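Okay, protein00.cif now, which holds mmCIF, N, CA and C atoms:
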```cif
data_target
#
loop_
_atom_site.label_atom_id
_atom_site.label_comp_id
_atom_site.auth_asym_id
_atom_site.auth_seq_id
_atom_site.Cartn_x
_atom_site.Cartn_y
_atom_site.Cartn_z
N MET A 1 -5.08 20.46 -8.17
CA MET A 1 -6.47 20.78 -7.93
C MET A 1 -7.16 19.68 -7.12
N GLU A 2 -7.03 18.41 -7.56
CA GLU A 2 -7.66 17.31 -6.84
C GLU A 2 -7.14 17.20 -5.41
N TRP A 3 -5.81 17.37 -5.24
CA TRP A 3 -5.21 17.26 -3.91
C TRP A 3 -5.76 18.33 -2.98
N GLN A 4 -6.01 19.54 -3.49
CA GLN A 4 -6.51 20.62 -2.66
C GLN A 4 -7.93 20.35 -2.20
N GLU A 5 -8.76 19.85 -3.08
CA GLU A 5 -10.18 19.64 -2.77
C GLU A 5 -10.47 18.29 -2.12
N LEU A 6 -9.83 17.25 -2.60
CA LEU A 6 -10.17 15.89 -2.18
C LEU A 6 -9.10 15.21 -1.33
N CYS A 7 -7.94 15.82 -1.20
CA CYS A 7 -6.80 15.24 -0.48
C CYS A 7 -6.24 14.00 -1.16
N VAL A 8 -6.70 13.72 -2.38
CA VAL A 8 -6.20 12.57 -3.12
C VAL A 8 -6.24 12.90 -4.62
N THR A 9 -5.32 12.34 -5.37
CA THR A 9 -5.34 12.49 -6.81
C THR A 9 -5.09 11.13 -7.44
N LEU A 10 -5.53 10.96 -8.68
CA LEU A 10 -5.31 9.70 -9.38
C LEU A 10 -4.01 9.76 -10.16
N LEU A 11 -3.19 8.75 -9.96
CA LEU A 11 -1.89 8.68 -10.60
C LEU A 11 -1.86 7.45 -11.51
N PRO A 12 -1.52 7.63 -12.80
CA PRO A 12 -1.43 6.46 -13.68
C PRO A 12 -0.20 5.63 -13.33
N LEU A 13 -0.40 4.34 -13.25
CA LEU A 13 0.70 3.43 -12.94
C LEU A 13 1.23 2.80 -14.22
N GLY A 14 2.46 2.31 -14.16
CA GLY A 14 2.98 1.51 -15.25
C GLY A 14 4.26 1.97 -15.89
N ASP A 15 4.44 3.27 -16.12
CA ASP A 15 5.65 3.71 -16.79
C ASP A 15 6.88 3.56 -15.89
N HIS A 16 6.81 4.15 -14.72
CA HIS A 16 7.94 4.09 -13.79
C HIS A 16 7.53 3.52 -12.43
N LEU A 17 6.28 3.70 -12.11
CA LEU A 17 5.78 3.37 -10.78
C LEU A 17 4.62 2.39 -10.89
N SER A 18 4.64 1.38 -10.04
CA SER A 18 3.53 0.43 -9.94
C SER A 18 3.25 0.23 -8.45
N ALA A 19 2.28 -0.62 -8.15
CA ALA A 19 1.93 -0.87 -6.75
C ALA A 19 1.52 -2.32 -6.59
N VAL A 20 1.67 -2.80 -5.38
CA VAL A 20 1.15 -4.11 -5.02
C VAL A 20 0.07 -3.88 -3.97
N ARG A 21 -1.14 -4.32 -4.28
CA ARG A 21 -2.26 -4.19 -3.35
C ARG A 21 -2.29 -5.41 -2.44
N ILE A 22 -2.29 -5.14 -1.13
CA ILE A 22 -2.29 -6.21 -0.14
C ILE A 22 -3.51 -6.01 0.77
N PRO A 23 -4.38 -7.00 0.87
CA PRO A 23 -5.54 -6.87 1.76
C PRO A 23 -5.10 -6.68 3.21
N GLY A 24 -5.87 -5.90 3.94
CA GLY A 24 -5.56 -5.63 5.34
C GLY A 24 -5.40 -6.88 6.17
N VAL A 25 -6.20 -7.90 5.89
CA VAL A 25 -6.12 -9.13 6.68
C VAL A 25 -4.74 -9.76 6.59
N LEU A 26 -4.09 -9.66 5.42
CA LEU A 26 -2.74 -10.20 5.27
C LEU A 26 -1.72 -9.34 6.01
N VAL A 27 -1.90 -8.02 5.92
CA VAL A 27 -1.00 -7.10 6.61
C VAL A 27 -1.11 -7.29 8.12
N HIS A 28 -2.34 -7.34 8.62
CA HIS A 28 -2.56 -7.51 10.07
C HIS A 28 -1.96 -8.82 10.56
N ALA A 29 -2.10 -9.88 9.77
CA ALA A 29 -1.54 -11.17 10.16
C ALA A 29 0.00 -11.12 10.17
N ALA A 30 0.59 -10.52 9.13
CA ALA A 30 2.05 -10.46 9.05
C ALA A 30 2.65 -9.59 10.16
N VAL A 31 1.92 -8.54 10.54
CA VAL A 31 2.39 -7.64 11.58
C VAL A 31 2.07 -8.18 12.97
N GLY A 32 0.95 -8.89 13.08
CA GLY A 32 0.50 -9.39 14.39
C GLY A 32 -0.26 -8.33 15.16
N SER A 33 -0.83 -7.36 14.44
CA SER A 33 -1.57 -6.27 15.08
C SER A 33 -2.48 -5.60 14.06
N ASP A 34 -3.50 -4.94 14.55
CA ASP A 34 -4.32 -4.10 13.68
C ASP A 34 -4.24 -2.63 14.11
N GLU A 35 -3.28 -2.32 14.97
CA GLU A 35 -3.06 -0.95 15.45
C GLU A 35 -2.27 -0.17 14.38
N PRO A 36 -2.83 0.94 13.87
CA PRO A 36 -2.19 1.67 12.78
C PRO A 36 -0.73 2.06 13.02
N SER A 37 -0.39 2.49 14.22
CA SER A 37 1.00 2.90 14.46
C SER A 37 1.95 1.70 14.46
N VAL A 38 1.51 0.57 14.96
CA VAL A 38 2.33 -0.65 14.95
C VAL A 38 2.51 -1.13 13.51
N ILE A 39 1.43 -1.09 12.75
CA ILE A 39 1.49 -1.50 11.34
C ILE A 39 2.45 -0.59 10.58
N ALA A 40 2.33 0.72 10.77
CA ALA A 40 3.19 1.67 10.07
C ALA A 40 4.66 1.41 10.38
N ASP A 41 4.97 1.19 11.64
CA ASP A 41 6.36 0.93 12.03
C ASP A 41 6.89 -0.34 11.38
N CYS A 42 6.08 -1.38 11.39
CA CYS A 42 6.49 -2.66 10.81
C CYS A 42 6.66 -2.55 9.29
N LEU A 43 5.70 -1.90 8.63
CA LEU A 43 5.80 -1.74 7.18
C LEU A 43 7.06 -0.94 6.81
N ALA A 44 7.33 0.12 7.56
CA ALA A 44 8.52 0.94 7.29
C ALA A 44 9.79 0.12 7.43
N GLU A 45 9.84 -0.72 8.46
CA GLU A 45 11.02 -1.54 8.69
C GLU A 45 11.17 -2.65 7.66
N ARG A 46 10.06 -3.34 7.37
CA ARG A 46 10.12 -4.51 6.48
C ARG A 46 10.17 -4.15 5.00
N LEU A 47 9.43 -3.11 4.59
CA LEU A 47 9.33 -2.80 3.16
C LEU A 47 10.24 -1.65 2.73
N GLN A 48 10.62 -0.82 3.66
CA GLN A 48 11.58 0.26 3.41
C GLN A 48 11.21 1.13 2.20
N GLY A 49 9.93 1.41 2.08
CA GLY A 49 9.45 2.26 0.99
C GLY A 49 8.04 2.73 1.29
N PRO A 50 7.49 3.58 0.43
CA PRO A 50 6.19 4.17 0.69
C PRO A 50 5.03 3.18 0.55
N VAL A 51 4.07 3.32 1.48
CA VAL A 51 2.89 2.47 1.48
C VAL A 51 1.67 3.35 1.77
N ILE A 52 0.65 3.21 0.94
CA ILE A 52 -0.62 3.91 1.13
C ILE A 52 -1.61 2.95 1.75
N HIS A 53 -2.40 3.44 2.70
CA HIS A 53 -3.48 2.64 3.29
C HIS A 53 -4.81 3.25 2.90
N ASP A 54 -5.70 2.42 2.38
CA ASP A 54 -7.08 2.81 2.10
C ASP A 54 -7.93 2.14 3.17
N PRO A 55 -8.23 2.85 4.27
CA PRO A 55 -8.96 2.22 5.37
C PRO A 55 -10.41 1.90 5.04
N GLY A 56 -10.99 2.57 4.06
CA GLY A 56 -12.37 2.28 3.68
C GLY A 56 -12.55 0.85 3.19
N PHE A 57 -11.56 0.35 2.46
CA PHE A 57 -11.59 -1.02 1.96
C PHE A 57 -10.54 -1.88 2.66
N ASP A 58 -9.79 -1.29 3.60
CA ASP A 58 -8.71 -1.95 4.33
C ASP A 58 -7.75 -2.66 3.39
N ARG A 59 -7.17 -1.86 2.52
CA ARG A 59 -6.15 -2.35 1.60
C ARG A 59 -4.92 -1.46 1.70
N TYR A 60 -3.77 -2.08 1.50
CA TYR A 60 -2.49 -1.37 1.54
C TYR A 60 -1.88 -1.44 0.15
N TYR A 61 -1.23 -0.37 -0.26
CA TYR A 61 -0.62 -0.28 -1.57
C TYR A 61 0.86 0.04 -1.40
N ALA A 62 1.71 -0.95 -1.62
CA ALA A 62 3.16 -0.76 -1.55
C ALA A 62 3.63 -0.28 -2.92
N LEU A 63 4.29 0.86 -2.96
CA LEU A 63 4.76 1.40 -4.23
C LEU A 63 6.09 0.76 -4.62
N VAL A 64 6.14 0.27 -5.86
CA VAL A 64 7.31 -0.45 -6.36
C VAL A 64 7.69 0.08 -7.74
N LEU A 65 8.90 -0.22 -8.15
CA LEU A 65 9.36 0.12 -9.49
C LEU A 65 8.58 -0.74 -10.48
N SER A 66 8.17 -0.15 -11.59
CA SER A 66 7.43 -0.92 -12.61
C SER A 66 8.31 -1.99 -13.22
N SER A 67 7.70 -3.09 -13.58
CA SER A 67 8.41 -4.20 -14.19
C SER A 67 8.09 -4.25 -15.68
N THR A 68 9.06 -4.66 -16.47
CA THR A 68 8.84 -4.78 -17.91
C THR A 68 8.34 -6.17 -18.30
N GLY A 69 8.44 -7.10 -17.39
CA GLY A 69 8.01 -8.46 -17.68
C GLY A 69 6.88 -8.89 -16.78
N PRO A 70 6.50 -10.15 -16.88
CA PRO A 70 5.43 -10.66 -16.02
C PRO A 70 5.82 -10.59 -14.55
N VAL A 71 4.86 -10.31 -13.70
CA VAL A 71 5.11 -10.19 -12.26
C VAL A 71 4.24 -11.21 -11.54
N CYS A 72 4.86 -11.97 -10.67
CA CYS A 72 4.15 -12.96 -9.89
C CYS A 72 4.13 -12.51 -8.44
N VAL A 73 2.94 -12.35 -7.87
CA VAL A 73 2.81 -11.99 -6.46
C VAL A 73 2.01 -13.09 -5.77
N PRO A 74 2.12 -13.21 -4.46
CA PRO A 74 1.40 -14.26 -3.73
C PRO A 74 -0.11 -14.13 -3.88
N PRO A 75 -0.82 -15.24 -3.79
CA PRO A 75 -2.29 -15.19 -3.81
C PRO A 75 -2.80 -14.24 -2.73
N GLY A 76 -3.79 -13.46 -3.09
CA GLY A 76 -4.35 -12.48 -2.18
C GLY A 76 -3.82 -11.09 -2.46
N ALA A 77 -2.59 -11.00 -2.94
CA ALA A 77 -2.00 -9.71 -3.32
C ALA A 77 -2.21 -9.53 -4.82
N GLU A 78 -2.13 -8.28 -5.27
CA GLU A 78 -2.31 -8.03 -6.70
C GLU A 78 -1.34 -6.94 -7.16
N TYR A 79 -0.63 -7.22 -8.25
CA TYR A 79 0.26 -6.25 -8.86
C TYR A 79 -0.56 -5.32 -9.73
N LEU A 80 -0.39 -4.02 -9.52
CA LEU A 80 -1.12 -3.01 -10.30
C LEU A 80 -0.11 -2.24 -11.14
N GLY A 81 -0.22 -2.39 -12.43
CA GLY A 81 0.73 -1.73 -13.32
C GLY A 81 0.02 -0.94 -14.40
N SER A 82 0.53 -1.04 -15.61
CA SER A 82 0.03 -0.28 -16.75
C SER A 82 -1.48 -0.43 -16.90
N GLY A 83 -2.15 0.69 -17.15
CA GLY A 83 -3.60 0.68 -17.33
C GLY A 83 -4.37 0.86 -16.03
N THR A 84 -3.67 1.05 -14.93
CA THR A 84 -4.30 1.21 -13.61
C THR A 84 -4.02 2.60 -13.09
N PHE A 85 -5.00 3.17 -12.42
CA PHE A 85 -4.82 4.45 -11.73
C PHE A 85 -4.91 4.18 -10.24
N LEU A 86 -4.04 4.84 -9.48
CA LEU A 86 -4.01 4.68 -8.04
C LEU A 86 -4.33 6.01 -7.37
N GLY A 87 -5.23 5.98 -6.40
CA GLY A 87 -5.53 7.16 -5.61
C GLY A 87 -4.38 7.43 -4.65
N VAL A 88 -3.72 8.57 -4.83
CA VAL A 88 -2.55 8.92 -4.03
C VAL A 88 -2.88 10.12 -3.15
N PRO A 89 -2.74 9.97 -1.83
CA PRO A 89 -3.05 11.09 -0.94
C PRO A 89 -1.99 12.19 -0.98
N ARG A 90 -2.37 13.36 -0.51
CA ARG A 90 -1.39 14.44 -0.36
C ARG A 90 -0.28 13.96 0.58
N THR A 91 0.89 14.54 0.43
CA THR A 91 2.03 14.11 1.24
C THR A 91 1.85 14.40 2.72
N ASP A 92 0.96 15.33 3.08
CA ASP A 92 0.74 15.64 4.49
C ASP A 92 -0.34 14.76 5.13
N CYS A 93 -0.93 13.87 4.37
CA CYS A 93 -1.94 12.94 4.90
C CYS A 93 -1.22 11.68 5.37
N THR A 94 -0.82 11.67 6.64
CA THR A 94 0.01 10.58 7.16
C THR A 94 -0.59 9.88 8.36
N GLU A 95 -1.86 10.16 8.65
CA GLU A 95 -2.50 9.50 9.79
C GLU A 95 -3.92 9.10 9.43
N LEU A 96 -4.37 8.03 10.06
CA LEU A 96 -5.74 7.56 9.88
C LEU A 96 -6.72 8.61 10.40
N ASN A 97 -7.71 8.95 9.59
CA ASN A 97 -8.81 9.80 10.02
C ASN A 97 -10.05 8.91 10.10
N LYS A 98 -10.42 8.52 11.31
CA LYS A 98 -11.54 7.59 11.49
C LYS A 98 -12.87 8.19 11.05
N GLY A 99 -12.93 9.51 10.96
CA GLY A 99 -14.16 10.17 10.53
C GLY A 99 -14.40 10.06 9.04
N THR A 100 -13.33 10.21 8.24
CA THR A 100 -13.49 10.19 6.79
C THR A 100 -13.06 8.88 6.15
N LEU A 101 -12.20 8.13 6.83
CA LEU A 101 -11.59 6.91 6.28
C LEU A 101 -10.90 7.18 4.95
N ALA A 102 -10.33 8.38 4.82
CA ALA A 102 -9.61 8.74 3.60
C ALA A 102 -8.26 8.02 3.56
N SER A 103 -7.81 7.75 2.35
CA SER A 103 -6.49 7.14 2.17
C SER A 103 -5.42 8.06 2.74
N TYR A 104 -4.37 7.44 3.26
CA TYR A 104 -3.27 8.19 3.85
C TYR A 104 -1.99 7.38 3.68
N TRP A 105 -0.86 8.04 3.92
CA TRP A 105 0.44 7.38 3.82
C TRP A 105 0.72 6.64 5.13
N ALA A 106 0.59 5.33 5.12
CA ALA A 106 0.97 4.53 6.29
C ALA A 106 2.48 4.64 6.47
N VAL A 107 3.20 4.64 5.36
CA VAL A 107 4.64 4.90 5.34
C VAL A 107 4.86 6.00 4.30
N PRO A 108 5.16 7.20 4.74
CA PRO A 108 5.33 8.32 3.80
C PRO A 108 6.55 8.13 2.89
N VAL A 109 6.52 8.86 1.80
CA VAL A 109 7.66 8.90 0.89
C VAL A 109 8.82 9.56 1.62
N SER A 110 9.97 8.89 1.66
CA SER A 110 11.13 9.46 2.37
C SER A 110 11.96 10.36 1.47
N ARG A 111 12.03 9.98 0.20
CA ARG A 111 12.75 10.79 -0.78
C ARG A 111 12.31 10.33 -2.17
N PRO A 112 12.41 11.20 -3.16
CA PRO A 112 12.00 10.82 -4.51
C PRO A 112 12.75 9.58 -5.00
N GLY A 113 12.02 8.66 -5.58
CA GLY A 113 12.62 7.46 -6.13
C GLY A 113 12.82 6.32 -5.16
N ALA A 114 12.62 6.57 -3.86
CA ALA A 114 12.78 5.50 -2.86
C ALA A 114 11.49 4.69 -2.82
N LEU A 115 11.54 3.49 -3.37
CA LEU A 115 10.36 2.63 -3.46
C LEU A 115 10.61 1.32 -2.73
N CYS A 116 9.55 0.57 -2.51
CA CYS A 116 9.66 -0.76 -1.91
C CYS A 116 10.25 -1.72 -2.94
N ALA A 117 11.01 -2.67 -2.48
CA ALA A 117 11.51 -3.74 -3.36
C ALA A 117 10.40 -4.76 -3.54
N LEU A 118 10.12 -5.13 -4.78
CA LEU A 118 9.04 -6.08 -5.06
C LEU A 118 9.23 -7.38 -4.29
N ALA A 119 10.45 -7.87 -4.20
CA ALA A 119 10.72 -9.12 -3.48
C ALA A 119 10.34 -9.01 -2.01
N ASP A 120 10.64 -7.87 -1.38
CA ASP A 120 10.28 -7.66 0.03
C ASP A 120 8.77 -7.62 0.21
N VAL A 121 8.08 -6.97 -0.72
CA VAL A 121 6.61 -6.88 -0.65
C VAL A 121 6.00 -8.27 -0.79
N CYS A 122 6.50 -9.04 -1.73
CA CYS A 122 5.97 -10.40 -1.93
C CYS A 122 6.23 -11.29 -0.72
N GLU A 123 7.41 -11.18 -0.15
CA GLU A 123 7.74 -11.95 1.05
C GLU A 123 6.80 -11.60 2.21
N PHE A 124 6.55 -10.31 2.37
CA PHE A 124 5.66 -9.83 3.43
C PHE A 124 4.23 -10.33 3.22
N ALA A 125 3.72 -10.21 1.99
CA ALA A 125 2.37 -10.67 1.68
C ALA A 125 2.25 -12.19 1.85
N LEU A 126 3.29 -12.91 1.48
CA LEU A 126 3.28 -14.37 1.63
C LEU A 126 3.26 -14.76 3.10
N LEU A 127 3.99 -14.03 3.93
CA LEU A 127 3.94 -14.28 5.38
C LEU A 127 2.52 -14.12 5.89
N GLY A 128 1.86 -13.04 5.51
CA GLY A 128 0.47 -12.83 5.93
C GLY A 128 -0.44 -13.93 5.43
N ARG A 129 -0.23 -14.35 4.20
CA ARG A 129 -1.04 -15.43 3.61
C ARG A 129 -0.83 -16.74 4.39
N THR A 130 0.41 -17.02 4.73
CA THR A 130 0.73 -18.24 5.48
C THR A 130 0.07 -18.20 6.86
N LEU A 131 0.16 -17.05 7.52
CA LEU A 131 -0.40 -16.93 8.87
C LEU A 131 -1.93 -16.94 8.91
N THR A 132 -2.55 -16.66 7.76
CA THR A 132 -4.02 -16.75 7.69
C THR A 132 -4.44 -18.10 7.10
N ASN A 133 -3.50 -19.00 6.95
CA ASN A 133 -3.76 -20.33 6.40
C ASN A 133 -4.37 -20.26 4.99
N GLY A 134 -4.00 -19.22 4.24
CA GLY A 134 -4.47 -19.10 2.87
C GLY A 134 -5.93 -18.75 2.75
N GLU A 135 -6.55 -18.28 3.84
CA GLU A 135 -7.98 -18.01 3.79
C GLU A 135 -8.32 -16.57 3.43
N ALA A 136 -7.32 -15.72 3.25
CA ALA A 136 -7.58 -14.31 2.94
C ALA A 136 -8.02 -14.16 1.49
N GLU A 137 -8.92 -13.23 1.26
CA GLU A 137 -9.37 -12.92 -0.08
C GLU A 137 -8.79 -11.59 -0.50
N SER A 138 -8.63 -11.40 -1.81
CA SER A 138 -8.09 -10.11 -2.30
C SER A 138 -9.18 -9.08 -2.43
#
```
As structure tokens - that is how I would like this structure written.
Amino acid sequence: MEWQELCVTLLPLGDHLSAVRIPGVLVHAAVGSDEPSVIADCLAERLQGPVIHDPGFDRYYALVLSSTGPVCVPPGAEYLGSGTFLGVPRTDCTELNKGTLASYWAVPVSRPGALCALADVCEFALLGRTLTNGEAES
């Protein structure tokens, strides 16, 4: 119902699926571009899993397998697990709509269960943090 009306639904995180929120400034720095197609290509290559972009707040959400223990991510990034809901766009929402700024799949789901590796996401976020000289805020 939510997907039909709003193009997004809230998904509870924590049991099997979690996410790492990365500010756009870190992503843009790590990619070396703010062009959506360049970012999408780089994220697909580097993270090899689904990534949601919320252009309204310019945040990226890399979907990862949930962890049972403590998770350490680089400063500026945030691990979202149990007790968090994530706005997930319909699977056909795969491009930036500058009119609505609705969330979309920067890197669509390729197959069920194919998620980003947490280590790859942390490495990518750390690269962005390093290239911004640690000045990015979450």
**OP:** From chain A, collect each residue whose DSSP state is strand (DSSP E) and return the set as a PyMOL selection string.
**Re:** chain A and resi 8-12+17-23+51-54+59-65+78-80+85-89+104-107
Original post:
Near region 86-92 of chain A, counting all atoms listed in the file, which residues have an atom at most 7 Å away, once you skip same-chain residues fewer than 5 positions from it, shown as a PyMOL selection string?
Top reply: chain A and resi 3+7-13+103-105+109
**OP:** Rank A:Arg21, A:Arg46, A:His28, A:His16 by their smallest atom-to-atom distance to Glu123 (chain A), using only C-alpha atoms, and report the top residue only.
**Re:**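 Once distances to Glu123 (chain A) are computed over only C-alpha atoms, the minimum belongs to A:Arg46.
With distances restricted to all atoms listed in the file, A:Pro23 is the closest residue to Tyr60 (chain A) from A:Pro23, A:Cys72, A:Glu35, A:Ala44.
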Expected answer as an mmCIF file with N, CA and C atoms, in the coordinates of the input: alpha helix (DSSP H) residues in chain A:
```cif
data_model
loop_
_atom_site.group_PDB
_atom_site.id
_atom_site.type_symbol
_atom_site.label_atom_id
_atom_site.label_comp_id
_atom_site.auth_asym_id
_atom_site.auth_seq_id
_atom_site.Cartn_x
_atom_site.Cartn_y
_atom_site.Cartn_z
ATOM 1 N N GLU A 2 -7.030 18.410 -7.560
ATOM 2 C CA GLU A 2 -7.660 17.310 -6.840
ATOM 3 C C GLU A 2 -7.140 17.200 -5.410
ATOM 4 N N TRP A 3 -5.810 17.370 -5.240
ATOM 5 C CA TRP A 3 -5.210 17.260 -3.910
ATOM 6 C C TRP A 3 -5.760 18.330 -2.980
ATOM 7 N N GLN A 4 -6.010 19.540 -3.490
ATOM 8 C CA GLN A 4 -6.510 20.620 -2.660
ATOM 9 C C GLN A 4 -7.930 20.350 -2.200
ATOM 10 N N GLU A 5 -8.760 19.850 -3.080
ATOM 11 C CA GLU A 5 -10.180 19.640 -2.770
ATOM 12 C C GLU A 5 -10.470 18.290 -2.120
ATOM 13 N N LEU A 6 -9.830 17.250 -2.600
ATOM 14 C CA LEU A 6 -10.170 15.890 -2.180
ATOM 15 C C LEU A 6 -9.100 15.210 -1.330
ATOM 16 N N GLY A 24 -5.870 -5.900 3.940
ATOM 17 C CA GLY A 24 -5.560 -5.630 5.340
ATOM 18 C C GLY A 24 -5.400 -6.880 6.170
ATOM 19 N N VAL A 25 -6.200 -7.900 5.890
ATOM 20 C CA VAL A 25 -6.120 -9.130 6.680
ATOM 21 C C VAL A 25 -4.740 -9.760 6.590
ATOM 22 N N LEU A 26 -4.090 -9.660 5.420
ATOM 23 C CA LEU A 26 -2.740 -10.200 5.270
ATOM 24 C C LEU A 26 -1.720 -9.340 6.010
ATOM 25 N N VAL A 27 -1.900 -8.020 5.920
ATOM 26 C CA VAL A 27 -1.000 -7.100 6.610
ATOM 27 C C VAL A 27 -1.110 -7.290 8.120
ATOM 28 N N HIS A 28 -2.340 -7.340 8.620
ATOM 29 C CA HIS A 28 -2.560 -7.510 10.070
ATOM 30 C C HIS A 28 -1.960 -8.820 10.560
ATOM 31 N N ALA A 29 -2.100 -9.880 9.770
ATOM 32 C CA ALA A 29 -1.540 -11.170 10.160
ATOM 33 C C ALA A 29 0.000 -11.120 10.170
ATOM 34 N N ALA A 30 0.590 -10.520 9.130
ATOM 35 C CA ALA A 30 2.050 -10.460 9.050
ATOM 36 C C ALA A 30 2.650 -9.590 10.160
ATOM 37 N N VAL A 31 1.920 -8.540 10.540
ATOM 38 C CA VAL A 31 2.390 -7.640 11.580
ATOM 39 C C VAL A 31 2.070 -8.180 12.970
ATOM 40 N N PRO A 36 -2.830 0.940 13.870
ATOM 41 C CA PRO A 36 -2.190 1.670 12.780
ATOM 42 C C PRO A 36 -0.730 2.060 13.020
ATOM 43 N N SER A 37 -0.390 2.490 14.220
ATOM 44 C CA SER A 37 1.000 2.900 14.460
ATOM 45 C C SER A 37 1.950 1.700 14.460
ATOM 46 N N VAL A 38 1.510 0.570 14.960
ATOM 47 C CA VAL A 38 2.330 -0.650 14.950
ATOM 48 C C VAL A 38 2.510 -1.130 13.510
ATOM 49 N N ILE A 39 1.430 -1.090 12.750
ATOM 50 C CA ILE A 39 1.490 -1.500 11.340
ATOM 51 C C ILE A 39 2.450 -0.590 10.580
ATOM 52 N N ALA A 40 2.330 0.720 10.770
ATOM 53 C CA ALA A 40 3.190 1.670 10.070
ATOM 54 C C ALA A 40 4.660 1.410 10.380
ATOM 55 N N ASP A 41 4.970 1.190 11.640
ATOM 56 C CA ASP A 41 6.360 0.930 12.030
ATOM 57 C C ASP A 41 6.890 -0.340 11.380
ATOM 58 N N CYS A 42 6.080 -1.380 11.390
ATOM 59 C CA CYS A 42 6.490 -2.660 10.810
ATOM 60 C C CYS A 42 6.660 -2.550 9.290
ATOM 61 N N LEU A 43 5.700 -1.900 8.630
ATOM 62 C CA LEU A 43 5.800 -1.740 7.180
ATOM 63 C C LEU A 43 7.060 -0.940 6.810
ATOM 64 N N ALA A 44 7.330 0.120 7.560
ATOM 65 C CA ALA A 44 8.520 0.940 7.290
ATOM 66 C C ALA A 44 9.790 0.120 7.430
ATOM 67 N N GLU A 45 9.840 -0.720 8.460
ATOM 68 C CA GLU A 45 11.020 -1.540 8.690
ATOM 69 C C GLU A 45 11.170 -2.650 7.660
ATOM 70 N N ARG A 46 10.060 -3.340 7.370
ATOM 71 C CA ARG A 46 10.120 -4.510 6.480
ATOM 72 C C ARG A 46 10.170 -4.150 5.000
ATOM 73 N N LEU A 47 9.430 -3.110 4.590
ATOM 74 C CA LEU A 47 9.330 -2.800 3.160
ATOM 75 C C LEU A 47 10.240 -1.650 2.730
ATOM 76 N N LEU A 118 10.120 -5.130 -4.780
ATOM 77 C CA LEU A 118 9.040 -6.080 -5.060
ATOM 78 C C LEU A 118 9.230 -7.380 -4.290
ATOM 79 N N ALA A 119 10.450 -7.870 -4.200
ATOM 80 C CA ALA A 119 10.720 -9.120 -3.480
ATOM 81 C C ALA A 119 10.340 -9.010 -2.010
ATOM 82 N N ASP A 120 10.640 -7.870 -1.380
ATOM 83 C CA ASP A 120 10.280 -7.660 0.030
ATOM 84 C C ASP A 120 8.770 -7.620 0.210
ATOM 85 N N VAL A 121 8.080 -6.970 -0.720
ATOM 86 C CA VAL A 121 6.610 -6.880 -0.650
ATOM 87 C C VAL A 121 6.000 -8.270 -0.790
ATOM 88 N N CYS A 122 6.500 -9.040 -1.730
ATOM 89 C CA CYS A 122 5.970 -10.400 -1.930
ATOM 90 C C CYS A 122 6.230 -11.290 -0.720
ATOM 91 N N GLU A 123 7.410 -11.180 -0.150
ATOM 92 C CA GLU A 123 7.740 -11.950 1.050
ATOM 93 C C GLU A 123 6.800 -11.600 2.210
ATOM 94 N N PHE A 124 6.550 -10.310 2.370
ATOM 95 C CA PHE A 124 5.660 -9.830 3.430
ATOM 96 C C PHE A 124 4.230 -10.330 3.220
ATOM 97 N N ALA A 125 3.720 -10.210 1.990
ATOM 98 C CA ALA A 125 2.370 -10.670 1.680
ATOM 99 C C ALA A 125 2.250 -12.190 1.850
ATOM 100 N N LEU A 126 3.290 -12.910 1.480
ATOM 101 C CA LEU A 126 3.280 -14.370 1.630
ATOM 102 C C LEU A 126 3.260 -14.760 3.100
ATOM 103 N N LEU A 127 3.990 -14.030 3.930
ATOM 104 C CA LEU A 127 3.940 -14.280 5.380
ATOM 105 C C LEU A 127 2.520 -14.120 5.890
ATOM 106 N N GLY A 128 1.860 -13.040 5.510
ATOM 107 C CA GLY A 128 0.470 -12.830 5.930
ATOM 108 C C GLY A 128 -0.440 -13.930 5.430
ATOM 109 N N ARG A 129 -0.230 -14.350 4.200
ATOM 110 C CA ARG A 129 -1.040 -15.430 3.610
ATOM 111 C C ARG A 129 -0.830 -16.740 4.390
ATOM 112 N N THR A 130 0.410 -17.020 4.730
ATOM 113 C CA THR A 130 0.730 -18.240 5.480
ATOM 114 C C THR A 130 0.070 -18.200 6.860
ATOM 115 N N LEU A 131 0.160 -17.050 7.520
ATOM 116 C CA LEU A 131 -0.400 -16.930 8.870
ATOM 117 C C LEU A 131 -1.930 -16.940 8.910
#
```
Original post:
For Ala125 (chain A), which residue among A:Pro55, A:Gly49, A:Pro74, A:Gly32 is the nearest when counting all atoms listed in the file?
Top reply: A:Pro74
Subject >> Interatomic distance, CA of Asp120 (chain A) to CA of Thr132 (chain A) (Å, one decimal) >> reply: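 We find that CA of Asp120 (chain A) and CA of Thr132 (chain A) lie 18.6 Å from each other.
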Subject >> For Pro108 (chain A): contacts at 7 Å, only C-alpha atoms, fewer than 6 positions along chain excluded, given as JSON, numbers by chain >> reply: {"A": [50, 51, 94]}
**OP:** Fewer than 5 positions away in the same chain doesn't count, so skip those; otherwise give me all residues within 6.5 Å of Glu78 (chain A), counting all atoms listed in the file, as an NGL selection string.
**Re:** :A and (19-22 or 73)
